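Undergrad: One structure is given below, represented as structure tokens, and several questions about it will come after.
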Amino acid sequence: MASDEIEMSKSNPNKISLQQPSLAWRITSSLSMGLTAALFRGFLYGFNSVETVGLDRFLDILDKRKDVEKRQRGLITVSNHVSVLDDPIMWGVLPLKYGFNPSNHRWGLGAHDICFKNKPPRFLASFFYSGQVLPTHRSKYSPHGGPFQPTIPQAIRLLSYPPSVSPAPAAAAPEDSHDNVSDPFTSGGGVTFTTTGSDRYDAPSRYARNRLSWVHVFPEACVHQHPDLYVRYFKWGVSRLILESEPAPDVLPMFVDGTQHVMAEDRAWPRFLPRFPVRFRVAFGEPVDPERAFGDLRARWKDLVRRGQRQDQDQQGRVLAMGELTDELKYGDEAVKLRIEVAKRVRDEVMKVRRSMGYPDQDPRFELAETWAEEPSNKDRFKSNVDDSLVNKKD
């Protein structure tokens with residue numbers, strides 16, 4: 001993903017020089033995202049009934065973020081996860097002009113074992129990467145999964161200003177590695193990151209054009225289909241994004257309903273075909289003031305990091321890069337408690353949107369990871385013995 005430089009007007013010295021991917025890569029990304037958006041917008045509005053709440057407010061937020069130079073914070077959108085097609089379908093409610101503008105569209109976290117399969121051809125991986133999907137390992141299917149995998153620092157840096165890269169070079173990947181995904185139109189070096197030690201991806205956070213980006217997450221990290229749209233506990237990836245990004249990103253909760261009928265987990269053959277017509281509903285909540293909602297937790301986190309930095313400097317003689325953590329910052333009791341509390345507060349915001357859509361309250365135990373530990377750990381798809389929902393941890 002070679003870069004170009006945008007020359008800013010010399011009459012305005014306050015303007016920043018925006019480094020960005022090559023023109024060919026930008027065209028490819030725009031077409032990948034725009035045509036996908038057109039396809040699913042056509043599916044949504046051509047074959048189904050669509051109801052949106054708060055869409056105009058959300059579009060206003062995106063419009064204010066269109067000029068990269070004027071952005072003040074990154075943006076995290078968070079929603080429930082009820083279908084393997086949630087991501088492309090839910091963004092089908094956005095007018096097409098947003099789909100063809102990747103610099104003002106979401107970055108997502110996509111399952112490495114699905115979107116970035118190791119075997120050639122690599123078309124699928126290139127398609128998802130050009131569609132601003134970051135390769136994310138799941139602990140159930142990979143030893144490289146979890147909240148401390150290298151993809152999470154990339155997301156943190158995308159949300160931050162200025163864009164940053166680790167001062168330590170990424171591990172070199174073998175030239176014949178099938179996991180490499182880079183700009184197909186150029187050759188040469190570039191700042192990269194690795195998710196396994198043997199793969200290599202161009203780091204999107206290296207580009208100033210990507211500063212203070214928008215990242216969408218599904219913190220349940222699996223498809224969860226219940227008639228009353230119950231919500232599981234939230235995992236820690238979103239906690240890291242909120243605690244470690246600088247400045248504190250805006251957080252906007254969402255709730256989706258209907259895609260569980262498009263791709264129901266108990267659907268019959270042919271399973272790969274989406275079902276229609278359905279009633280699709282998506283609600284965009286009010287943006288959460290990050291200082292009000294998470295300021296106290298971020299202050300505690302920064303104090304913890306300062307103490308960890310001093311200790312690490314004493315031992316290693318270096319400063320941690322953004323997204324890099326010591327073992328104490330990963331596994332220490334205080335760090336763990338902070339991530340649990342952040343995840344709970346984010347979930348509470350999503351539950352407010354859910355409640356506004358008329359869904360009944362659910363068992364408060366559902367916000368706890370321990371509650372869901374009762375589910376079978378050796379199955380990919382199953383009916384939950386916790387709430388009788390249909391769960392898919394494979395797709």
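Identifiers in this document derive from the order of the structure tokens: chains are assigned A, B, ..., residues are numbered from 1 separately in each chain, and ligands are numbered from 1 in order of occurrence.
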Residues of stretch 124-313 of chain A in strand (DSSP E) according to DSSP, as a VMD selection string?
TA: chain A and resid 133 to 136 192 to 193 201 to 202 214 to 217 223 to 225 250 to 257 279 to 284
Undergrad: Do a neighbour search on A:Ile340 at 9 Å with only C-alpha atoms, toss out local chain neighbours closer than 2 positions, and write the hits as an NGL selection string.
TA: :A and (234-236 or 239 or 335-338 or 342-345)
Undergrad: What is the atom CA of A:Thr195 to atom CA of A:Gly145 distance in Å?
TA: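 Rounded to one decimal, the two atoms are 9.1 Å apart.
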Undergrad: Please determine, counting only C-alpha atoms, which residue among A:Gly74, A:Gly42, A:Gly54, A:Pro102 has the shortest atom-to-atom distance to A:Val282.
TA: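 Checking each candidate against A:Val282, we get A:Gly54 as the closest.
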